[in-house]
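Enquirer: Input structure: structure.cif, which contains mmCIF, C-alpha atoms.
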```cif
data_entry
loop_
_atom_site.label_atom_id
_atom_site.label_comp_id
_atom_site.auth_asym_id
_atom_site.auth_seq_id
_atom_site.Cartn_x
_atom_site.Cartn_y
_atom_site.Cartn_z
CA MET V 1 0.00 0.00 0.00
CA PHE V 2 1.12 3.53 -0.81
CA PRO V 3 -0.52 6.46 1.03
CA ILE V 4 -2.08 9.37 -0.83
CA ARG V 5 -3.72 11.37 1.95
CA ASP V 6 -5.55 11.12 5.23
CA PHE V 7 -8.95 12.38 6.36
CA ASN V 8 -7.66 14.11 9.46
CA ARG V 9 -7.71 17.89 9.44
CA SER V 10 -4.99 19.62 11.44
CA GLY V 11 -5.99 22.34 13.88
CA SER V 12 -2.92 24.49 13.17
CA LYS V 13 -0.53 25.27 10.36
CA PRO V 14 2.23 22.62 10.25
CA ILE V 15 5.07 25.12 9.90
CA VAL V 16 7.69 22.73 11.27
CA THR V 17 6.64 19.91 8.93
CA TRP V 18 6.69 22.25 5.92
CA THR V 19 10.08 23.62 6.96
CA LEU V 20 11.55 20.11 7.32
CA ILE V 21 10.26 19.18 3.87
CA ILE V 22 11.75 22.30 2.30
CA VAL V 23 15.12 21.81 4.02
CA ASN V 24 15.29 18.17 2.90
CA ILE V 25 14.53 19.16 -0.69
CA LEU V 26 17.14 21.93 -0.67
CA VAL V 27 19.80 19.63 0.79
CA PHE V 28 19.05 16.99 -1.83
CA TYR V 29 19.24 19.60 -4.58
CA TYR V 30 22.68 20.58 -3.31
CA GLN V 31 23.72 16.92 -3.18
CA VAL V 32 22.97 16.29 -6.82
CA THR V 33 24.16 19.63 -8.22
CA SER V 34 27.33 20.22 -6.19
CA GLY V 35 29.39 17.59 -7.97
CA HIS V 36 30.31 16.12 -4.56
CA TYR V 37 27.54 13.57 -4.16
CA ARG V 38 29.78 10.66 -3.08
CA TYR V 39 31.85 12.89 -0.79
CA ILE V 40 28.73 14.17 0.97
CA ILE V 41 27.35 10.66 1.54
CA ALA V 42 30.72 9.34 2.75
CA ASN V 43 31.36 12.22 5.14
CA TYR V 44 27.88 13.11 6.36
CA GLY V 45 26.11 9.76 6.18
CA GLU V 46 25.97 7.63 9.32
CA ILE V 47 28.68 4.95 9.14
CA PRO V 48 28.27 2.53 12.09
CA ILE V 49 31.97 1.78 12.62
CA TYR V 50 32.70 5.46 13.29
CA ILE V 51 29.80 5.87 15.69
CA LEU V 52 30.87 2.78 17.63
CA ASN V 53 34.30 4.34 18.07
CA GLY V 54 32.92 7.70 19.18
CA LEU V 55 33.78 9.41 15.90
CA ARG V 56 31.68 11.50 13.51
CA LEU V 57 28.81 11.63 16.00
CA HIS V 58 27.45 14.62 14.12
CA THR V 59 26.47 12.26 11.29
CA LEU V 60 23.67 10.88 13.47
CA PHE V 61 22.09 14.27 12.77
CA THR V 62 23.34 15.18 9.29
CA SER V 63 22.38 11.79 7.85
CA MET V 64 18.70 12.65 8.50
CA PHE V 65 18.83 15.23 5.70
CA LEU V 66 20.53 13.12 3.01
CA HIS V 67 18.77 10.91 0.46
CA ALA V 68 19.99 8.41 -2.08
CA ASP V 69 17.83 9.50 -5.00
CA VAL V 70 14.66 11.37 -5.91
CA PHE V 71 12.43 8.34 -5.20
CA HIS V 72 13.93 7.99 -1.72
CA LEU V 73 13.32 11.68 -1.09
CA PHE V 74 9.81 11.66 -2.52
CA GLY V 75 8.68 8.67 -0.46
CA ASN V 76 9.99 10.12 2.79
CA MET V 77 8.59 13.60 2.18
CA LEU V 78 5.19 12.19 1.17
CA TYR V 79 4.91 10.29 4.46
CA LEU V 80 6.05 13.35 6.40
CA TYR V 81 3.53 15.54 4.57
CA ILE V 82 0.61 13.18 5.20
CA PHE V 83 1.30 12.25 8.82
CA GLY V 84 3.43 15.08 10.17
CA ASP V 85 0.85 17.87 10.34
CA ASN V 86 -1.44 16.11 12.82
CA VAL V 87 1.42 14.93 15.03
CA GLU V 88 2.83 18.46 15.05
CA ASP V 89 -0.57 19.83 16.00
CA ARG V 90 -0.86 17.38 18.90
CA PHE V 91 2.65 17.89 20.31
CA GLY V 92 3.02 21.58 19.51
CA HIS V 93 5.59 23.05 17.15
CA LEU V 94 8.70 23.15 19.36
CA LYS V 95 8.15 19.81 21.08
CA TYR V 96 7.42 18.20 17.71
CA LEU V 97 10.67 19.53 16.25
CA LEU V 98 12.71 18.27 19.19
CA LEU V 99 11.00 14.88 19.14
CA TYR V 100 11.52 14.57 15.39
CA PHE V 101 15.27 14.64 16.00
CA VAL V 102 14.95 12.34 19.01
CA PHE V 103 13.13 9.82 16.80
CA GLY V 104 15.86 10.09 14.19
CA LEU V 105 18.63 9.66 16.76
CA ALA V 106 16.90 6.64 18.30
CA GLY V 107 16.60 5.04 14.88
CA GLY V 108 20.20 5.80 14.00
CA LEU V 109 21.54 4.38 17.25
CA LEU V 110 19.51 1.18 16.95
CA HIS V 111 20.77 0.78 13.38
CA VAL V 112 24.36 1.11 14.61
CA PHE V 113 23.78 -1.35 17.45
CA MET V 114 22.15 -3.98 15.24
CA SER V 115 24.87 -3.55 12.60
CA SER V 116 27.45 -4.36 15.28
CA LEU V 117 25.59 -7.61 16.03
CA SER V 118 25.09 -8.71 12.44
CA GLY V 119 28.40 -10.57 12.18
CA ASN V 120 29.01 -8.96 8.79
CA SER V 121 31.81 -6.39 8.91
CA GLN V 122 30.53 -4.80 5.71
CA ASP V 123 27.39 -3.67 7.53
CA LEU V 124 29.58 -1.42 9.66
CA LEU V 125 31.02 0.37 6.64
CA ILE V 126 27.85 1.23 4.70
CA PRO V 127 26.62 4.83 5.16
CA ALA V 128 23.01 5.04 6.31
CA ILE V 129 21.12 8.09 5.07
CA GLY V 130 17.57 9.37 5.01
CA ALA V 131 14.91 11.00 7.14
CA SER V 132 12.97 7.76 7.49
CA GLY V 133 14.11 7.03 11.05
CA ALA V 134 12.66 10.33 12.23
CA ILE V 135 9.57 9.96 10.04
CA SER V 136 9.03 6.46 11.41
CA GLY V 137 8.74 8.07 14.83
CA VAL V 138 6.10 10.39 13.42
CA LEU V 139 4.20 7.32 12.16
CA GLY V 140 4.42 5.69 15.57
CA ALA V 141 3.05 8.79 17.26
CA TYR V 142 0.29 9.14 14.65
CA MET V 143 -0.83 5.56 15.26
CA ILE V 144 -1.18 6.24 18.99
CA PHE V 145 -2.91 9.60 18.61
CA PHE V 146 -5.16 8.80 15.64
CA PRO V 147 -5.61 5.00 15.32
CA ASN V 148 -8.95 5.35 13.56
CA ALA V 149 -7.99 8.12 11.14
CA ARG V 150 -8.76 7.08 7.57
CA ILE V 151 -5.80 6.73 5.21
CA VAL V 152 -6.38 6.74 1.46
CA SER V 153 -3.89 4.36 -0.13
CA ILE V 154 -3.06 2.87 -3.51
CA VAL V 155 -2.91 -0.91 -3.62
CA PHE V 156 -0.89 -2.51 -6.40
CA GLY V 157 -1.92 -5.98 -7.59
CA LEU V 158 -0.75 -8.17 -10.43
CA PHE V 159 -3.26 -6.76 -12.89
CA LEU V 160 -5.05 -4.17 -10.81
CA ILE V 161 -4.37 -0.80 -9.22
CA ARG V 162 -7.03 0.56 -6.91
CA THR V 163 -7.48 2.95 -4.01
CA VAL V 164 -8.67 1.84 -0.59
CA VAL V 165 -9.41 3.62 2.67
CA VAL V 166 -8.10 1.93 5.81
CA PRO V 167 -7.78 2.97 9.46
CA ALA V 168 -4.35 4.30 10.40
CA ILE V 169 -3.74 1.48 12.88
CA TYR V 170 -4.00 -1.08 10.06
CA PHE V 171 -2.01 0.91 7.53
CA ILE V 172 0.81 1.76 9.93
CA GLY V 173 0.67 -1.68 11.55
CA PHE V 174 1.15 -3.30 8.14
CA TRP V 175 4.01 -0.90 7.42
CA PHE V 176 5.70 -1.86 10.70
CA LEU V 177 5.39 -5.57 9.91
CA LEU V 178 7.15 -4.88 6.62
CA GLN V 179 10.01 -3.23 8.50
CA LEU V 180 10.39 -6.33 10.67
CA LEU V 181 10.49 -8.43 7.50
CA TYR V 182 13.13 -6.18 5.94
CA ALA V 183 15.16 -6.31 9.16
CA SER V 184 15.22 -10.11 8.98
CA TYR V 185 17.02 -9.84 5.62
CA GLY V 186 19.61 -7.39 6.97
CA ALA V 187 21.70 -5.51 4.42
CA LEU V 188 20.29 -7.67 1.63
CA SER V 189 17.06 -5.68 1.76
CA GLY V 190 18.93 -2.44 0.99
CA ILE V 191 16.86 -0.75 3.70
CA ALA V 192 18.06 0.39 7.12
CA ALA V 193 15.00 -1.24 8.66
CA TRP V 194 16.32 -1.15 12.22
CA ALA V 195 16.49 2.65 11.97
CA HIS V 196 12.80 2.62 11.04
CA ILE V 197 11.98 0.27 13.90
CA GLY V 198 13.94 2.31 16.44
CA GLY V 199 12.34 5.59 15.39
CA PHE V 200 8.88 4.01 15.34
CA ILE V 201 9.18 2.57 18.85
CA MET V 202 10.39 5.90 20.20
CA GLY V 203 7.44 7.64 18.53
CA VAL V 204 4.99 5.19 20.09
CA LEU V 205 6.52 5.67 23.54
CA ALA V 206 6.58 9.47 23.27
CA ALA V 207 2.96 9.67 22.14
CA ALA V 208 1.76 7.18 24.75
CA PHE V 209 3.55 9.12 27.52
CA TRP V 210 2.20 12.45 26.29
CA ARG V 211 -1.36 11.10 26.03
CA SER V 212 -1.33 9.51 29.50
CA ARG V 213 0.13 12.69 31.02
CA ARG V 214 -2.58 14.80 29.38
CA ARG V 215 -5.31 12.47 30.59
CA ARG V 216 -3.99 12.64 34.14
CA ARG V 217 -3.95 16.44 33.95
CA GLU V 218 -7.54 16.49 32.63
CA TYR V 219 -8.62 14.10 35.38
CA TRP V 220 -7.19 16.27 38.15
CA LEU V 221 -8.76 19.36 36.62
CA THR V 222 -12.18 17.69 36.73
CA ILE V 223 -11.94 16.79 40.42
CA THR V 224 -10.28 20.00 41.63
CA PRO V 225 -12.86 22.33 43.18
CA THR V 226 -13.09 25.84 41.78
#
```
Show me, as structure tokens, the structure contained in the file I just sent.

Expert:
Amino acid sequence: MFPIRDFNRSGSKPIVTWTLIIVNILVFYYQVTSGHYRYIIANYGEIPIYILNGLRLHTLFTSMFLHADVFHLFGNMLYLYIFGDNVEDRFGHLKYLLLYFVFGLAGGLLHVFMSSLSGNSQDLLIPAIGASGAISGVLGAYMIFFPNARIVSIVFGLFLIRTVVVPAIYFIGFWFLLQLLYASYGALSGIAAWAHIGGFIMGVLAAAFWRSRRRRREYWLTITPT
């Protein structure tokens, strides 16, 4: 399934989400027009062996803004566009921005950790790039906040392409199962699935904590005499 849109109106302008999309597009444009594409990936992508040795820690951050090609960029920005506005509205602009990077860092660190356990030394040398770890956290938070939101998706069959509308919990749940499947294939899948899984789990935890805290606050407000 490939998402097109959701039926979930945001209560505020998603200025952080729009800004992140614009920055990612501008960075990618620089990547492909600078003539230093390979240099940028090699020096600003997240290479596990360096992180494990306490080197190039800044790449845990810079790698979130790099993409392999236009399809990689488009897929990530589409997911961020569809799901980011509502999560930003629920968390608030500043908290959402901070958590976006926390999700990305959590995904990057889990990717490094799992690469160190893979038993394949080549896994430690491959640069990991993309905003998908952070965006996976956005998906995790969206699933907690809006499990019944309707997601319009394209389904590709052998001889049929059609659109369907499914609840977010099913769409995102299916997406997460795919990440677990990709992770079982390791580097052969060509996807840093553990980064997706790490970001997603952090997004779920952050949203669950925020929701429970808000409910407790609302409860105490209802029983406090005025």

Enquirer: Which residues are close to segment 95-102 of chain V, i.e. within 7 Å by all atoms listed in the file, leaving aside same-chain residues fewer than 6 positions away? Reply as a list of chain:residue names.

Expert: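 The residues that qualify are V:Val16, V:Glu88, V:Ala134.
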
Enquirer: I'd like the interatomic distance between atom CA of Leu117 of chain V and atom CA of Ile129 of chain V, to a tenth of an Å.

Expert: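 A separation of 19.7 Å between them.
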
Enquirer: Output as AutoDock Vina command-line options the centre and edge lengths (Å, one decimal) of the box along x, y and z of the file that holds every listed atom of segment 112-118 of chain V after adding 6 Å on each side.

Expert:
```
--center_x 24.8 --center_y -3.8 --center_z 14.9 --size_x 17.3 --size_y 21.8 --size_z 17.0
```

Enquirer: Taking the file as shown, find all residues satisfying the PyMOL selection byres ((chain V and resi 136) around 12) and write them as a PyMOL selection string.

Expert: chain V and resi 64+76-77+79-80+83-84+87+99-108+130-135+137-143+172-173+175-176+179+192-204

Enquirer: Write out the residues from the selection above, keeping C-alpha atoms, as a compact mmCIF listing (two decimals), keeping the file's coordinate frame.

Expert:
```txt
# COMPACT_ATOMS: atom_id res chain seq x y z
CA MET V 64 18.70 12.65 8.50
CA ASN V 76 9.99 10.12 2.79
CA MET V 77 8.59 13.60 2.18
CA TYR V 79 4.91 10.29 4.46
CA LEU V 80 6.05 13.35 6.40
CA PHE V 83 1.30 12.25 8.82
CA GLY V 84 3.43 15.08 10.17
CA VAL V 87 1.42 14.93 15.03
CA LEU V 99 11.00 14.88 19.14
CA TYR V 100 11.52 14.57 15.39
CA PHE V 101 15.27 14.64 16.00
CA VAL V 102 14.95 12.34 19.01
CA PHE V 103 13.13 9.82 16.80
CA GLY V 104 15.86 10.09 14.19
CA LEU V 105 18.63 9.66 16.76
CA ALA V 106 16.90 6.64 18.30
CA GLY V 107 16.60 5.04 14.88
CA GLY V 108 20.20 5.80 14.00
CA GLY V 130 17.57 9.37 5.01
CA ALA V 131 14.91 11.00 7.14
CA SER V 132 12.97 7.76 7.49
CA GLY V 133 14.11 7.03 11.05
CA ALA V 134 12.66 10.33 12.23
CA ILE V 135 9.57 9.96 10.04
CA GLY V 137 8.74 8.07 14.83
CA VAL V 138 6.10 10.39 13.42
CA LEU V 139 4.20 7.32 12.16
CA GLY V 140 4.42 5.69 15.57
CA ALA V 141 3.05 8.79 17.26
CA TYR V 142 0.29 9.14 14.65
CA MET V 143 -0.83 5.56 15.26
CA ILE V 172 0.81 1.76 9.93
CA GLY V 173 0.67 -1.68 11.55
CA TRP V 175 4.01 -0.90 7.42
CA PHE V 176 5.70 -1.86 10.70
CA GLN V 179 10.01 -3.23 8.50
CA ALA V 192 18.06 0.39 7.12
CA ALA V 193 15.00 -1.24 8.66
CA TRP V 194 16.32 -1.15 12.22
CA ALA V 195 16.49 2.65 11.97
CA HIS V 196 12.80 2.62 11.04
CA ILE V 197 11.98 0.27 13.90
CA GLY V 198 13.94 2.31 16.44
CA GLY V 199 12.34 5.59 15.39
CA PHE V 200 8.88 4.01 15.34
CA ILE V 201 9.18 2.57 18.85
CA MET V 202 10.39 5.90 20.20
CA GLY V 203 7.44 7.64 18.53
CA VAL V 204 4.99 5.19 20.09
```

Enquirer: Out of V:Leu180, V:Asn120, V:Phe156, V:Ile191, which residue has the shortest atom-to-atom distance to His72 of chain V when counting only C-alpha atoms?

Expert: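 Selected residue with least distance to His72 of chain V: V:Ile191.
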
Enquirer: Atom CA of Tyr50 of chain V and atom CA of Met114 of chain V, how far apart in Å?

Expert: 14.3 Å

Enquirer: So what do you get for atom CA of Tyr44 of chain V versus atom CA of Phe28 of chain V, distance-wise?

Expert: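 Between atom CA of Tyr44 of chain V and atom CA of Phe28 of chain V the gap works out to 12.7 Å.
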
Enquirer: Determine the nearest neighbour of Glu46 of chain V from the options V:Val164, V:Ala208, V:Phe71, V:Phe65, counting only C-alpha atoms.

Expert: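 With only C-alpha atoms as the atom set, the closest residue is V:Phe65.
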
Enquirer: If we count all atoms listed in the file, what is near Asp6 of chain V at a cut-off of 7 Å, once residues fewer than 4 positions away on the same chain are taken out, given as an NGL selection string?

Expert: :V and (82 or 150-152)

Enquirer: List as number ranges by chain: which residues have an atom within 8 Å of (20.5, 16.5, 3.4), counting all atoms listed in the file?

Expert: V: 23-28, 31, 62-67, 130

Enquirer: Which is closer to Ile40 of chain V than all the others in V:Leu110, V:Pro14, V:Pro127, V:Asn148, using all atoms listed in the file?

Expert: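 Under the stated criterion, the closest residue is V:Pro127.
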
Enquirer: Residue by residue, what does the PyMOL selection byres ((chain V and resi 147) around 7) grab here? Present the result as a list in words.

Expert: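 When the PyMOL selection byres ((chain V and resi 147) around 7) is applied, the selected residues are Met143, Ile144, Phe145, Phe146, Asn148, Ala149, Pro167, Ala168 and Ile169 of chain V.
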
Enquirer: Just so I have it separately, write segment 60-74 of chain V from the block I sent, keeping all heavy atoms, as an mmCIF file, in the first residue's frame.

Expert:
```
data_model
loop_
_atom_site.group_PDB
_atom_site.id
_atom_site.type_symbol
_atom_site.label_atom_id
_atom_site.label_comp_id
_atom_site.auth_asym_id
_atom_site.auth_seq_id
_atom_site.Cartn_x
_atom_site.Cartn_y
_atom_site.Cartn_z
ATOM 1 N N LEU V 60 24.982 11.358 13.002
ATOM 2 C CA LEU V 60 23.672 10.885 13.472
ATOM 3 C C LEU V 60 22.601 11.924 13.153
ATOM 4 O O LEU V 60 21.430 11.581 12.947
ATOM 5 C CB LEU V 60 23.707 10.617 14.974
ATOM 6 C CG LEU V 60 24.488 9.382 15.438
ATOM 7 C CD1 LEU V 60 24.712 9.439 16.952
ATOM 8 C CD2 LEU V 60 23.757 8.099 15.053
ATOM 9 N N PHE V 61 23.008 13.179 13.094
ATOM 10 C CA PHE V 61 22.091 14.273 12.772
ATOM 11 C C PHE V 61 22.093 14.588 11.279
ATOM 12 O O PHE V 61 21.030 14.646 10.649
ATOM 13 C CB PHE V 61 22.487 15.520 13.569
ATOM 14 C CG PHE V 61 21.700 16.744 13.223
ATOM 15 C CD1 PHE V 61 20.434 16.933 13.735
ATOM 16 C CD2 PHE V 61 22.229 17.717 12.381
ATOM 17 C CE1 PHE V 61 19.698 18.073 13.412
ATOM 18 C CE2 PHE V 61 21.514 18.858 12.054
ATOM 19 C CZ PHE V 61 20.240 19.031 12.579
ATOM 20 N N THR V 62 23.284 14.760 10.699
ATOM 21 C CA THR V 62 23.342 15.179 9.290
ATOM 22 C C THR V 62 22.766 14.125 8.351
ATOM 23 O O THR V 62 22.219 14.471 7.301
ATOM 24 C CB THR V 62 24.798 15.487 8.884
ATOM 25 O OG1 THR V 62 25.625 14.329 9.123
ATOM 26 C CG2 THR V 62 25.335 16.662 9.682
ATOM 27 N N SER V 63 22.880 12.860 8.717
ATOM 28 C CA SER V 63 22.378 11.793 7.849
ATOM 29 C C SER V 63 20.870 11.869 7.660
ATOM 30 O O SER V 63 20.330 11.358 6.667
ATOM 31 C CB SER V 63 22.749 10.423 8.419
ATOM 32 O OG SER V 63 22.177 10.230 9.708
ATOM 33 N N MET V 64 20.162 12.536 8.598
ATOM 34 C CA MET V 64 18.702 12.652 8.496
ATOM 35 C C MET V 64 18.267 13.518 7.320
ATOM 36 O O MET V 64 17.099 13.481 6.922
ATOM 37 C CB MET V 64 18.121 13.264 9.778
ATOM 38 C CG MET V 64 18.319 12.469 11.032
ATOM 39 S SD MET V 64 17.470 13.306 12.408
ATOM 40 C CE MET V 64 18.455 12.734 13.787
ATOM 41 N N PHE V 65 19.193 14.309 6.776
ATOM 42 C CA PHE V 65 18.834 15.233 5.703
ATOM 43 C C PHE V 65 19.384 14.805 4.343
ATOM 44 O O PHE V 65 19.264 15.550 3.370
ATOM 45 C CB PHE V 65 19.329 16.638 6.054
ATOM 46 C CG PHE V 65 18.639 17.235 7.250
ATOM 47 C CD1 PHE V 65 19.198 17.124 8.514
ATOM 48 C CD2 PHE V 65 17.421 17.867 7.110
ATOM 49 C CE1 PHE V 65 18.562 17.656 9.619
ATOM 50 C CE2 PHE V 65 16.772 18.412 8.216
ATOM 51 C CZ PHE V 65 17.346 18.299 9.476
ATOM 52 N N LEU V 66 19.971 13.617 4.266
ATOM 53 C CA LEU V 66 20.527 13.118 3.011
ATOM 54 C C LEU V 66 19.640 12.019 2.447
ATOM 55 O O LEU V 66 19.054 11.240 3.191
ATOM 56 C CB LEU V 66 21.941 12.573 3.235
ATOM 57 C CG LEU V 66 22.958 13.532 3.861
ATOM 58 C CD1 LEU V 66 24.292 12.829 4.053
ATOM 59 C CD2 LEU V 66 23.125 14.786 2.997
ATOM 60 N N HIS V 67 19.567 11.949 1.118
ATOM 61 C CA HIS V 67 18.774 10.912 0.459
ATOM 62 C C HIS V 67 19.517 10.363 -0.754
ATOM 63 O O HIS V 67 20.289 11.078 -1.388
ATOM 64 C CB HIS V 67 17.411 11.465 0.056
ATOM 65 C CG HIS V 67 16.517 11.751 1.237
ATOM 66 N ND1 HIS V 67 16.584 12.930 1.930
ATOM 67 C CD2 HIS V 67 15.577 10.980 1.846
ATOM 68 C CE1 HIS V 67 15.708 12.886 2.928
ATOM 69 N NE2 HIS V 67 15.098 11.724 2.899
ATOM 70 N N ALA V 68 19.242 9.103 -1.032
ATOM 71 C CA ALA V 68 19.990 8.406 -2.078
ATOM 72 C C ALA V 68 19.597 8.863 -3.473
ATOM 73 O O ALA V 68 20.444 8.985 -4.360
ATOM 74 C CB ALA V 68 19.794 6.899 -1.943
ATOM 75 N N ASP V 69 18.307 9.106 -3.683
ATOM 76 C CA ASP V 69 17.828 9.502 -5.005
ATOM 77 C C ASP V 69 16.479 10.181 -4.846
ATOM 78 O O ASP V 69 15.944 10.306 -3.743
ATOM 79 C CB ASP V 69 17.726 8.300 -5.955
ATOM 80 C CG ASP V 69 16.924 7.154 -5.369
ATOM 81 O OD1 ASP V 69 15.822 7.397 -4.834
ATOM 82 O OD2 ASP V 69 17.395 5.996 -5.427
ATOM 83 N N VAL V 70 15.901 10.609 -5.968
ATOM 84 C CA VAL V 70 14.661 11.369 -5.912
ATOM 85 C C VAL V 70 13.503 10.518 -5.402
ATOM 86 O O VAL V 70 12.579 11.027 -4.745
ATOM 87 C CB VAL V 70 14.345 11.972 -7.301
ATOM 88 C CG1 VAL V 70 13.987 10.873 -8.311
ATOM 89 C CG2 VAL V 70 13.239 13.016 -7.202
ATOM 90 N N PHE V 71 13.515 9.209 -5.669
ATOM 91 C CA PHE V 71 12.434 8.338 -5.197
ATOM 92 C C PHE V 71 12.505 8.173 -3.677
ATOM 93 O O PHE V 71 11.465 8.156 -2.998
ATOM 94 C CB PHE V 71 12.511 6.980 -5.890
ATOM 95 C CG PHE V 71 12.379 7.062 -7.377
ATOM 96 C CD1 PHE V 71 13.484 6.889 -8.206
ATOM 97 C CD2 PHE V 71 11.150 7.338 -7.960
ATOM 98 C CE1 PHE V 71 13.363 6.985 -9.575
ATOM 99 C CE2 PHE V 71 11.014 7.429 -9.335
ATOM 100 C CZ PHE V 71 12.130 7.252 -10.147
ATOM 101 N N HIS V 72 13.723 8.059 -3.162
ATOM 102 C CA HIS V 72 13.926 7.988 -1.720
ATOM 103 C C HIS V 72 13.404 9.261 -1.058
ATOM 104 O O HIS V 72 12.681 9.221 -0.055
ATOM 105 C CB HIS V 72 15.418 7.794 -1.447
ATOM 106 C CG HIS V 72 15.750 7.543 -0.023
ATOM 107 N ND1 HIS V 72 17.015 7.768 0.502
ATOM 108 C CD2 HIS V 72 15.010 7.095 1.024
ATOM 109 C CE1 HIS V 72 17.034 7.456 1.783
ATOM 110 N NE2 HIS V 72 15.833 7.050 2.128
ATOM 111 N N LEU V 73 13.767 10.397 -1.619
ATOM 112 C CA LEU V 73 13.319 11.685 -1.094
ATOM 113 C C LEU V 73 11.807 11.821 -1.171
ATOM 114 O O LEU V 73 11.150 12.203 -0.190
ATOM 115 C CB LEU V 73 13.984 12.814 -1.877
ATOM 116 C CG LEU V 73 13.521 14.235 -1.522
ATOM 117 C CD1 LEU V 73 14.027 14.639 -0.143
ATOM 118 C CD2 LEU V 73 14.002 15.229 -2.584
ATOM 119 N N PHE V 74 11.244 11.501 -2.325
ATOM 120 C CA PHE V 74 9.805 11.661 -2.517
ATOM 121 C C PHE V 74 9.009 10.806 -1.545
ATOM 122 O O PHE V 74 8.043 11.288 -0.929
ATOM 123 C CB PHE V 74 9.426 11.292 -3.958
ATOM 124 C CG PHE V 74 7.930 11.303 -4.197
ATOM 125 C CD1 PHE V 74 7.266 12.508 -4.348
ATOM 126 C CD2 PHE V 74 7.210 10.121 -4.256
ATOM 127 C CE1 PHE V 74 5.882 12.534 -4.555
ATOM 128 C CE2 PHE V 74 5.829 10.137 -4.462
ATOM 129 C CZ PHE V 74 5.179 11.345 -4.613
#
```
